[in-house]
Amino acid sequence: MDNNEIAKFKDPEYWLKFFPALAVDDLRKLGVKVDWRRSFITTDANPYYDSFVRWQFLTLKKQGKIQYGKRYTIFSSRDNQPCMDHERTVGEGVVPQEYTLIKLKVISEFPSKFSCVNQLKEPIFLVAATLRPETMFGQTNCWVHPDIDYVGVKSTQQSCILICTQRAAQNMAYQGILDPSHPGHIDIVANFKGADLLGLKVKAPLSSYESGVFVLPMMSIRSSKGTGIVTSVPSDSPDDWVALQDLIKKPVRLTSYCFTFIRFCFVIDVIISLITTQLLLSLSILGN
């Protein structure tokens with residue numbers, strides 16, 4: 001096929017003239033037995049087939065069986081339209097992954113350099129993504145990566161500030177979680193490094209720690225997955241258990257991010273909390 005032939009494929013009708021004959025020829029060479037006299041094109045290029053399909057959909061619509069609305073799909077922000085499976089150069093077979101977002105309300109103040117954030121009237125939440133919301137009863141802390149970039153974005157739909165990675169915020173913006181009237185738009189009120197969030201105390205829904213849990217460092221978090229914020233349930237997640245044990249054995253990993261007296265007090269509080277968590281989990285295992 002030469003370049004002149006390739007240029008003809010700009011016309012979508014040309015595909016229908018070019019490929020069917022080649023497909024029939026290949027199938028015949030494979031020995032497939034088909035009555036080709038009954039073959040036809042299944043697009044609107046065939047007015048008879050097109051009218052048959054239209055009749056079905058119009059009939060279902062009159063019966064109230066079809067409605068116009070939104071659905072989850074892979075979306076191209078550059079082209080501003082859905083990007084179907086065979087339209088992608090990479091990622092064929094990729095489908096939307098459903099996560100449950102856990103809103104962890106920040107109940108302590110941010111470091112002094114984020115005084116503008118402390119003055120905001122809206123409640124502020126760290127947004128953790130999870131595939132297992134049924135395990136939230138066992139939350140002991142929250143994980144962030146110290147070196148990942150996070151953003152605080154306004155959500156008019158939720159009437160609050162949500163903290164997550166910018167990639168996650170962009171995804172939520174196209175799903176109407178931030179501002180349904182402006183799909184894809186994000187209003188950033190602050191930028192954070194993960195290290196800036198360490199030591200914050202957050203309210204974990206359904207957790208037995210009613211006074212709140214701490215934000216701690218986890219180096220295996222990826223900014224390309226979920227929201228970049230992970231809620232910790234060591235009773236159900238081996239990774240969370242190992243990470244907690246590592247912090248208990250090597251508290252220097254906490255102190256390396258904490259330079260002020262307040263942060264030093266936080267480290268002591270966290271270590272006590274981690275040891276208490278370990279004892280409770282050990283007792284739970286013995287009880288079972």
# chains A, B, ... in the order shown; residues from 1 in each chain; ligands from 1

$ closest_atom_pairs --of "region 79-170 of chain A" --to "region 203-218 of chain A" --cutoff "12 Å" --atoms "only C-alpha atoms" --output "JSON lines"
{"residue": "A:Leu101", "atom": "CA", "partner": "A:Pro205", "partner_atom": "CA", "distance": 11.4}
{"residue": "A:Ile102", "atom": "CA", "partner": "A:Pro205", "partner_atom": "CA", "distance": 7.8}
{"residue": "A:Lys103", "atom": "CA", "partner": "A:Ala204", "partner_atom": "CA", "distance": 7.7}
{"residue": "A:Leu104", "atom": "CA", "partner": "A:Ala204", "partner_atom": "CA", "distance": 5.2}
{"residue": "A:Lys105", "atom": "CA", "partner": "A:Lys203", "partner_atom": "CA", "distance": 5.0}
{"residue": "A:Val106", "atom": "CA", "partner": "A:Lys203", "partner_atom": "CA", "distance": 6.5}
{"residue": "A:Ile107", "atom": "CA", "partner": "A:Lys203", "partner_atom": "CA", "distance": 6.6}
{"residue": "A:Ser108", "atom": "CA", "partner": "A:Gly212", "partner_atom": "CA", "distance": 9.5}
{"residue": "A:Phe110", "atom": "CA", "partner": "A:Val215", "partner_atom": "CA", "distance": 11.9}
{"residue": "A:Pro123", "atom": "CA", "partner": "A:Lys203", "partner_atom": "CA", "distance": 11.7}
{"residue": "A:Ile124", "atom": "CA", "partner": "A:Lys203", "partner_atom": "CA", "distance": 10.7}
{"residue": "A:Phe125", "atom": "CA", "partner": "A:Lys203", "partner_atom": "CA", "distance": 9.0}
{"residue": "A:Leu126", "atom": "CA", "partner": "A:Val215", "partner_atom": "CA", "distance": 9.6}
{"residue": "A:Val127", "atom": "CA", "partner": "A:Ala204", "partner_atom": "CA", "distance": 10.6}
{"residue": "A:Ala128", "atom": "CA", "partner": "A:Ala204", "partner_atom": "CA", "distance": 10.2}
{"residue": "A:Pro133", "atom": "CA", "partner": "A:Leu206", "partner_atom": "CA", "distance": 10.2}
{"residue": "A:Glu134", "atom": "CA", "partner": "A:Leu206", "partner_atom": "CA", "distance": 9.9}
{"residue": "A:Thr135", "atom": "CA", "partner": "A:Leu206", "partner_atom": "CA", "distance": 9.3}
{"residue": "A:Met136", "atom": "CA", "partner": "A:Leu206", "partner_atom": "CA", "distance": 6.1}
{"residue": "A:Phe137", "atom": "CA", "partner": "A:Ser207", "partner_atom": "CA", "distance": 4.8}
{"residue": "A:Gly138", "atom": "CA", "partner": "A:Ser207", "partner_atom": "CA", "distance": 6.0}
{"residue": "A:Gln139", "atom": "CA", "partner": "A:Ser207", "partner_atom": "CA", "distance": 5.4}
{"residue": "A:Thr140", "atom": "CA", "partner": "A:Val213", "partner_atom": "CA", "distance": 6.2}
{"residue": "A:Asn141", "atom": "CA", "partner": "A:Val213", "partner_atom": "CA", "distance": 4.9}
{"residue": "A:Cys142", "atom": "CA", "partner": "A:Val215", "partner_atom": "CA", "distance": 4.7}
{"residue": "A:Trp143", "atom": "CA", "partner": "A:Leu216", "partner_atom": "CA", "distance": 5.0}
{"residue": "A:Val144", "atom": "CA", "partner": "A:Pro217", "partner_atom": "CA", "distance": 5.3}
{"residue": "A:His145", "atom": "CA", "partner": "A:Met218", "partner_atom": "CA", "distance": 5.3}
{"residue": "A:Pro146", "atom": "CA", "partner": "A:Pro217", "partner_atom": "CA", "distance": 6.0}
{"residue": "A:Asp147", "atom": "CA", "partner": "A:Pro217", "partner_atom": "CA", "distance": 9.5}
{"residue": "A:Ile148", "atom": "CA", "partner": "A:Met218", "partner_atom": "CA", "distance": 10.7}

$ write_last_selection --atoms "N, CA and C atoms" --output "PDB file, in the first residue's frame"
ATOM      1  N   LEU A 101     -13.694   6.938  47.473  1.00  0.00           N
ATOM      2  CA  LEU A 101     -12.895   8.005  48.067  1.00  0.00           C
ATOM      3  C   LEU A 101     -13.270   8.170  49.535  1.00  0.00           C
ATOM      4  N   ILE A 102     -12.280   8.131  50.406  1.00  0.00           N
ATOM      5  CA  ILE A 102     -12.478   8.301  51.841  1.00  0.00           C
ATOM      6  C   ILE A 102     -12.025   9.709  52.222  1.00  0.00           C
ATOM      7  N   LYS A 103     -12.951  10.511  52.737  1.00  0.00           N
ATOM      8  CA  LYS A 103     -12.623  11.888  53.124  1.00  0.00           C
ATOM      9  C   LYS A 103     -12.123  11.903  54.568  1.00  0.00           C
ATOM     10  N   LEU A 104     -10.842  12.226  54.732  1.00  0.00           N
ATOM     11  CA  LEU A 104     -10.211  12.293  56.050  1.00  0.00           C
ATOM     12  C   LEU A 104     -10.096  13.766  56.445  1.00  0.00           C
ATOM     13  N   LYS A 105     -10.942  14.201  57.355  1.00  0.00           N
ATOM     14  CA  LYS A 105     -10.984  15.623  57.714  1.00  0.00           C
ATOM     15  C   LYS A 105      -9.757  16.019  58.526  1.00  0.00           C
ATOM     16  N   VAL A 106      -9.087  17.091  58.096  1.00  0.00           N
ATOM     17  CA  VAL A 106      -7.918  17.601  58.817  1.00  0.00           C
ATOM     18  C   VAL A 106      -8.395  18.327  60.070  1.00  0.00           C
ATOM     19  N   ILE A 107      -7.931  17.880  61.247  1.00  0.00           N
ATOM     20  CA  ILE A 107      -8.383  18.473  62.514  1.00  0.00           C
ATOM     21  C   ILE A 107      -7.240  19.149  63.267  1.00  0.00           C
ATOM     22  N   SER A 108      -6.073  19.245  62.632  1.00  0.00           N
ATOM     23  CA  SER A 108      -4.953  19.994  63.220  1.00  0.00           C
ATOM     24  C   SER A 108      -4.523  21.066  62.229  1.00  0.00           C
ATOM     25  N   PHE A 110      -2.051  23.321  59.762  1.00  0.00           N
ATOM     26  CA  PHE A 110      -0.944  23.100  58.844  1.00  0.00           C
ATOM     27  C   PHE A 110       0.287  23.856  59.348  1.00  0.00           C
ATOM     28  N   PRO A 123     -14.077  23.308  55.302  1.00  0.00           N
ATOM     29  CA  PRO A 123     -13.372  22.155  55.887  1.00  0.00           C
ATOM     30  C   PRO A 123     -12.388  21.579  54.874  1.00  0.00           C
ATOM     31  N   ILE A 124     -11.289  21.040  55.378  1.00  0.00           N
ATOM     32  CA  ILE A 124     -10.231  20.503  54.513  1.00  0.00           C
ATOM     33  C   ILE A 124     -10.133  18.996  54.725  1.00  0.00           C
ATOM     34  N   PHE A 125     -10.079  18.259  53.620  1.00  0.00           N
ATOM     35  CA  PHE A 125     -10.025  16.802  53.689  1.00  0.00           C
ATOM     36  C   PHE A 125      -8.862  16.268  52.859  1.00  0.00           C
ATOM     37  N   LEU A 126      -8.157  15.283  53.404  1.00  0.00           N
ATOM     38  CA  LEU A 126      -7.281  14.457  52.593  1.00  0.00           C
ATOM     39  C   LEU A 126      -8.165  13.374  51.979  1.00  0.00           C
ATOM     40  N   VAL A 127      -8.012  13.144  50.685  1.00  0.00           N
ATOM     41  CA  VAL A 127      -8.888  12.192  49.999  1.00  0.00           C
ATOM     42  C   VAL A 127      -8.101  10.928  49.680  1.00  0.00           C
ATOM     43  N   ALA A 128      -8.421   9.848  50.371  1.00  0.00           N
ATOM     44  CA  ALA A 128      -7.755   8.565  50.137  1.00  0.00           C
ATOM     45  C   ALA A 128      -8.626   7.699  49.234  1.00  0.00           C
ATOM     46  N   PRO A 133     -13.536  -0.469  50.850  1.00  0.00           N
ATOM     47  CA  PRO A 133     -14.132   0.427  51.851  1.00  0.00           C
ATOM     48  C   PRO A 133     -14.679  -0.307  53.068  1.00  0.00           C
ATOM     49  N   GLU A 134     -14.920  -1.608  52.924  1.00  0.00           N
ATOM     50  CA  GLU A 134     -15.476  -2.369  54.052  1.00  0.00           C
ATOM     51  C   GLU A 134     -14.467  -2.551  55.181  1.00  0.00           C
ATOM     52  N   THR A 135     -13.185  -2.253  54.930  1.00  0.00           N
ATOM     53  CA  THR A 135     -12.153  -2.429  55.959  1.00  0.00           C
ATOM     54  C   THR A 135     -11.873  -1.147  56.743  1.00  0.00           C
ATOM     55  N   MET A 136     -12.628  -0.089  56.489  1.00  0.00           N
ATOM     56  CA  MET A 136     -12.325   1.213  57.098  1.00  0.00           C
ATOM     57  C   MET A 136     -12.465   1.226  58.616  1.00  0.00           C
ATOM     58  N   PHE A 137     -13.110   0.225  59.180  1.00  0.00           N
ATOM     59  CA  PHE A 137     -13.233   0.141  60.643  1.00  0.00           C
ATOM     60  C   PHE A 137     -11.864  -0.045  61.301  1.00  0.00           C
ATOM     61  N   GLY A 138     -10.885  -0.549  60.536  1.00  0.00           N
ATOM     62  CA  GLY A 138      -9.570  -0.836  61.111  1.00  0.00           C
ATOM     63  C   GLY A 138      -8.513   0.209  60.828  1.00  0.00           C
ATOM     64  N   GLN A 139      -8.902   1.421  60.419  1.00  0.00           N
ATOM     65  CA  GLN A 139      -7.917   2.460  60.106  1.00  0.00           C
ATOM     66  C   GLN A 139      -7.098   2.845  61.346  1.00  0.00           C
ATOM     67  N   THR A 140      -5.790   2.909  61.168  1.00  0.00           N
ATOM     68  CA  THR A 140      -4.903   3.322  62.266  1.00  0.00           C
ATOM     69  C   THR A 140      -4.139   4.602  61.951  1.00  0.00           C
ATOM     70  N   ASN A 141      -4.018   4.926  60.671  1.00  0.00           N
ATOM     71  CA  ASN A 141      -3.304   6.143  60.255  1.00  0.00           C
ATOM     72  C   ASN A 141      -3.562   6.376  58.774  1.00  0.00           C
ATOM     73  N   CYS A 142      -2.896   7.375  58.223  1.00  0.00           N
ATOM     74  CA  CYS A 142      -3.016   7.707  56.805  1.00  0.00           C
ATOM     75  C   CYS A 142      -1.614   7.818  56.224  1.00  0.00           C
ATOM     76  N   TRP A 143      -1.427   7.350  54.987  1.00  0.00           N
ATOM     77  CA  TRP A 143      -0.115   7.382  54.345  1.00  0.00           C
ATOM     78  C   TRP A 143      -0.043   8.447  53.251  1.00  0.00           C
ATOM     79  N   VAL A 144       1.102   9.128  53.153  1.00  0.00           N
ATOM     80  CA  VAL A 144       1.433   9.956  51.990  1.00  0.00           C
ATOM     81  C   VAL A 144       2.897   9.707  51.644  1.00  0.00           C
ATOM     82  N   HIS A 145       3.277  10.020  50.423  1.00  0.00           N
ATOM     83  CA  HIS A 145       4.688   9.922  50.026  1.00  0.00           C
ATOM     84  C   HIS A 145       5.340  11.276  50.268  1.00  0.00           C
ATOM     85  N   PRO A 146       6.416  11.339  51.042  1.00  0.00           N
ATOM     86  CA  PRO A 146       7.025  12.635  51.387  1.00  0.00           C
ATOM     87  C   PRO A 146       7.458  13.471  50.190  1.00  0.00           C
ATOM     88  N   ASP A 147       7.801  12.815  49.072  1.00  0.00           N
ATOM     89  CA  ASP A 147       8.376  13.535  47.931  1.00  0.00           C
ATOM     90  C   ASP A 147       7.384  13.796  46.794  1.00  0.00           C
ATOM     91  N   ILE A 148       6.151  13.336  46.948  1.00  0.00           N
ATOM     92  CA  ILE A 148       5.140  13.549  45.907  1.00  0.00           C
ATOM     93  C   ILE A 148       4.524  14.936  46.058  1.00  0.00           C
TER      94      ILE A 148
END

$ select_by_dssp --residues "region 124-280 of chain A" --states "strand (DSSP E or B)" --output "VMD selection string"
chain A and resid 124 to 130 141 to 144 149 to 155 160 to 164 188 to 193 201 to 203 213 to 217 229 to 232

$ write_last_selection --atoms "N, CA and C atoms" --output "short mmCIF file (atom, residue, chain, number, x, y, z; two decimals), in the first residue's frame"
data_model
loop_
_atom_site.label_atom_id
_atom_site.label_comp_id
_atom_site.auth_asym_id
_atom_site.auth_seq_id
_atom_site.Cartn_x
_atom_site.Cartn_y
_atom_site.Cartn_z
N ILE A 124 -11.29 21.04 55.38
CA ILE A 124 -10.23 20.50 54.51
C ILE A 124 -10.13 19.00 54.72
N PHE A 125 -10.08 18.26 53.62
CA PHE A 125 -10.03 16.80 53.69
C PHE A 125 -8.86 16.27 52.86
N LEU A 126 -8.16 15.28 53.40
CA LEU A 126 -7.28 14.46 52.59
C LEU A 126 -8.17 13.37 51.98
N VAL A 127 -8.01 13.14 50.69
CA VAL A 127 -8.89 12.19 50.00
C VAL A 127 -8.10 10.93 49.68
N ALA A 128 -8.42 9.85 50.37
CA ALA A 128 -7.75 8.56 50.14
C ALA A 128 -8.63 7.70 49.23
N ALA A 129 -8.00 7.03 48.28
CA ALA A 129 -8.72 6.12 47.39
C ALA A 129 -8.51 4.69 47.87
N THR A 130 -9.58 3.92 47.91
CA THR A 130 -9.48 2.53 48.36
C THR A 130 -10.36 1.63 47.51
N ASN A 141 -4.02 4.93 60.67
CA ASN A 141 -3.30 6.14 60.25
C ASN A 141 -3.56 6.38 58.77
N CYS A 142 -2.90 7.38 58.22
CA CYS A 142 -3.02 7.71 56.81
C CYS A 142 -1.61 7.82 56.22
N TRP A 143 -1.43 7.35 54.99
CA TRP A 143 -0.12 7.38 54.34
C TRP A 143 -0.04 8.45 53.25
N VAL A 144 1.10 9.13 53.15
CA VAL A 144 1.43 9.96 51.99
C VAL A 144 2.90 9.71 51.64
N ASP A 149 4.16 15.54 44.93
CA ASP A 149 3.48 16.84 44.94
C ASP A 149 1.97 16.63 45.08
N TYR A 150 1.38 17.38 46.01
CA TYR A 150 -0.07 17.33 46.22
C TYR A 150 -0.65 18.74 46.04
N VAL A 151 -1.96 18.79 45.78
CA VAL A 151 -2.64 20.08 45.64
C VAL A 151 -3.89 20.09 46.52
N GLY A 152 -4.23 21.28 46.99
CA GLY A 152 -5.51 21.49 47.65
C GLY A 152 -6.43 22.17 46.65
N VAL A 153 -7.56 21.55 46.34
CA VAL A 153 -8.47 22.09 45.33
C VAL A 153 -9.85 22.33 45.94
N LYS A 154 -10.52 23.36 45.43
CA LYS A 154 -11.86 23.67 45.90
C LYS A 154 -12.87 22.75 45.24
N SER A 155 -13.83 22.29 46.03
CA SER A 155 -14.94 21.51 45.50
C SER A 155 -16.23 22.24 45.84
N CYS A 160 -16.02 22.07 50.13
CA CYS A 160 -14.84 21.84 50.96
C CYS A 160 -13.58 21.94 50.12
N ILE A 161 -12.43 21.75 50.77
CA ILE A 161 -11.14 21.68 50.09
C ILE A 161 -10.67 20.22 50.13
N LEU A 162 -10.27 19.69 48.98
CA LEU A 162 -9.80 18.32 48.90
C LEU A 162 -8.31 18.31 48.56
N ILE A 163 -7.54 17.51 49.27
CA ILE A 163 -6.10 17.39 49.03
C ILE A 163 -5.80 16.04 48.41
N CYS A 164 -5.12 16.06 47.25
CA CYS A 164 -4.76 14.84 46.53
C CYS A 164 -3.71 15.23 45.49
N ILE A 188 -7.01 25.44 42.24
CA ILE A 188 -5.97 25.08 43.21
C ILE A 188 -5.78 26.22 44.21
N VAL A 189 -5.92 25.91 45.50
CA VAL A 189 -5.74 26.93 46.55
C VAL A 189 -4.38 26.81 47.23
N ALA A 190 -3.73 25.64 47.09
CA ALA A 190 -2.42 25.46 47.73
C ALA A 190 -1.70 24.28 47.10
N ASN A 191 -0.37 24.34 47.12
CA ASN A 191 0.47 23.24 46.66
C ASN A 191 1.29 22.71 47.84
N PHE A 192 1.39 21.40 47.96
CA PHE A 192 2.10 20.78 49.08
C PHE A 192 3.08 19.74 48.57
N LYS A 193 4.14 19.55 49.31
CA LYS A 193 4.93 18.33 49.22
C LYS A 193 4.36 17.37 50.25
N LYS A 201 -3.13 15.69 61.85
CA LYS A 201 -4.07 14.77 62.45
C LYS A 201 -5.38 14.85 61.67
N VAL A 202 -5.91 13.69 61.31
CA VAL A 202 -7.12 13.66 60.51
C VAL A 202 -8.16 12.76 61.17
N LYS A 203 -9.40 13.06 60.89
CA LYS A 203 -10.52 12.28 61.41
C LYS A 203 -10.84 11.18 60.41
N VAL A 213 -6.37 10.21 63.66
CA VAL A 213 -5.16 9.42 63.37
C VAL A 213 -4.15 10.34 62.66
N PHE A 214 -2.90 9.89 62.58
CA PHE A 214 -1.84 10.72 62.03
C PHE A 214 -1.55 10.40 60.57
N VAL A 215 -0.98 11.40 59.89
CA VAL A 215 -0.48 11.22 58.52
C VAL A 215 0.99 10.83 58.62
N LEU A 216 1.35 9.68 58.05
CA LEU A 216 2.70 9.12 58.15
C LEU A 216 3.28 8.87 56.76
N PRO A 217 4.61 8.69 56.67
CA PRO A 217 5.25 8.49 55.35
C PRO A 217 5.24 7.03 54.89
N ILE A 229 -2.86 9.33 48.16
CA ILE A 229 -3.09 9.26 49.61
C ILE A 229 -3.73 7.92 49.91
N VAL A 230 -3.20 7.23 50.90
CA VAL A 230 -3.66 5.87 51.21
C VAL A 230 -4.03 5.79 52.68
N THR A 231 -5.18 5.23 52.96
CA THR A 231 -5.56 5.02 54.36
C THR A 231 -5.01 3.66 54.81
N SER A 232 -4.54 3.59 56.04
CA SER A 232 -3.82 2.42 56.53
C SER A 232 -4.72 1.52 57.37
#

$ closest_residue --among "A:Gly64, A:Glu87, A:Ala45, A:Gly31" --to "Tyr14 (chain A)" --atoms "only C-alpha atoms"
A:Ala45

$ atom_distance --atom1 "CA of Lys121 (chain A)" --atom2 "CA of Ser159 (chain A)"
10.1 Å

$ atom_distance --atom1 "CA of Met219 (chain A)" --atom2 "CA of Ala168 (chain A)"
18.5 Å

$ closest_residue --among "A:Asn4, A:Thr156, A:Gln97, A:Ser39" --to "Ser181 (chain A)" --atoms "only C-alpha atoms"
A:Thr156

$ atom_distance --atom1 "CA of Trp36 (chain A)" --atom2 "CA of His86 (chain A)"
26.5 Å

$ select_by_dssp --residues "region 31-260 of chain A" --states "helix (DSSP H, G or I)" --output "ChimeraX atom specification"
/A:36-38,47-62,85-87,112-118,133-138,166-173,194-197,238-249,252-255

$ residues_around --residues "Thr43 (chain A)" --least-positions-apart "2" --cutoff "12 Å" --atoms "only C-alpha atoms" --output "PDB file with N, CA and C atoms, in the first residue's frame"
ATOM      1  N   PRO A  12     -14.009   8.159   5.767  1.00  0.00           N
ATOM      2  CA  PRO A  12     -14.446   6.951   6.490  1.00  0.00           C
ATOM      3  C   PRO A  12     -15.182   5.953   5.607  1.00  0.00           C
ATOM      4  N   GLU A  13     -15.802   6.430   4.518  1.00  0.00           N
ATOM      5  CA  GLU A  13     -16.511   5.517   3.624  1.00  0.00           C
ATOM      6  C   GLU A  13     -15.534   4.610   2.868  1.00  0.00           C
ATOM      7  N   TRP A  15     -12.975   3.080   4.029  1.00  0.00           N
ATOM      8  CA  TRP A  15     -12.699   1.881   4.826  1.00  0.00           C
ATOM      9  C   TRP A  15     -13.667   0.753   4.444  1.00  0.00           C
ATOM     10  N   LEU A  16     -14.921   1.125   4.231  1.00  0.00           N
ATOM     11  CA  LEU A  16     -15.951   0.126   3.929  1.00  0.00           C
ATOM     12  C   LEU A  16     -15.763  -0.485   2.547  1.00  0.00           C
ATOM     13  N   PHE A  40     -23.577  -8.108   4.585  1.00  0.00           N
ATOM     14  CA  PHE A  40     -23.943  -6.704   4.371  1.00  0.00           C
ATOM     15  C   PHE A  40     -23.177  -5.829   5.361  1.00  0.00           C
ATOM     16  N   ILE A  41     -23.112  -4.528   5.086  1.00  0.00           N
ATOM     17  CA  ILE A  41     -22.424  -3.547   5.921  1.00  0.00           C
ATOM     18  C   ILE A  41     -23.335  -3.131   7.070  1.00  0.00           C
ATOM     19  N   ALA A  45     -23.984   3.469   6.310  1.00  0.00           N
ATOM     20  CA  ALA A  45     -23.779   3.419   4.861  1.00  0.00           C
ATOM     21  C   ALA A  45     -24.782   2.478   4.205  1.00  0.00           C
ATOM     22  N   ASN A  46     -25.346   1.592   4.993  1.00  0.00           N
ATOM     23  CA  ASN A  46     -26.403   0.690   4.531  1.00  0.00           C
ATOM     24  C   ASN A  46     -27.731   1.221   5.062  1.00  0.00           C
ATOM     25  N   PRO A  47     -28.522   1.944   4.260  1.00  0.00           N
ATOM     26  CA  PRO A  47     -29.744   2.588   4.768  1.00  0.00           C
ATOM     27  C   PRO A  47     -30.769   1.604   5.318  1.00  0.00           C
ATOM     28  N   TYR A  48     -30.815   0.369   4.790  1.00  0.00           N
ATOM     29  CA  TYR A  48     -31.790  -0.609   5.270  1.00  0.00           C
ATOM     30  C   TYR A  48     -31.447  -1.065   6.694  1.00  0.00           C
ATOM     31  N   TYR A  49     -30.173  -1.401   6.894  1.00  0.00           N
ATOM     32  CA  TYR A  49     -29.740  -1.805   8.234  1.00  0.00           C
ATOM     33  C   TYR A  49     -29.846  -0.635   9.203  1.00  0.00           C
ATOM     34  N   ASP A  50     -29.475   0.555   8.752  1.00  0.00           N
ATOM     35  CA  ASP A  50     -29.514   1.744   9.601  1.00  0.00           C
ATOM     36  C   ASP A  50     -30.933   2.031  10.074  1.00  0.00           C
ATOM     37  N   SER A  51     -31.915   1.936   9.168  1.00  0.00           N
ATOM     38  CA  SER A  51     -33.311   2.200   9.554  1.00  0.00           C
ATOM     39  C   SER A  51     -33.820   1.145  10.531  1.00  0.00           C
ATOM     40  N   PHE A  52     -33.343  -0.104  10.379  1.00  0.00           N
ATOM     41  CA  PHE A  52     -33.743  -1.180  11.287  1.00  0.00           C
ATOM     42  C   PHE A  52     -33.258  -0.897  12.710  1.00  0.00           C
ATOM     43  N   VAL A  53     -31.989  -0.466  12.843  1.00  0.00           N
ATOM     44  CA  VAL A  53     -31.428  -0.149  14.158  1.00  0.00           C
ATOM     45  C   VAL A  53     -32.109   1.073  14.748  1.00  0.00           C
ATOM     46  N   ARG A  54     -32.328   2.108  13.930  1.00  0.00           N
ATOM     47  CA  ARG A  54     -32.999   3.319  14.411  1.00  0.00           C
ATOM     48  C   ARG A  54     -34.398   3.000  14.937  1.00  0.00           C
TER      49      ARG A  54
END
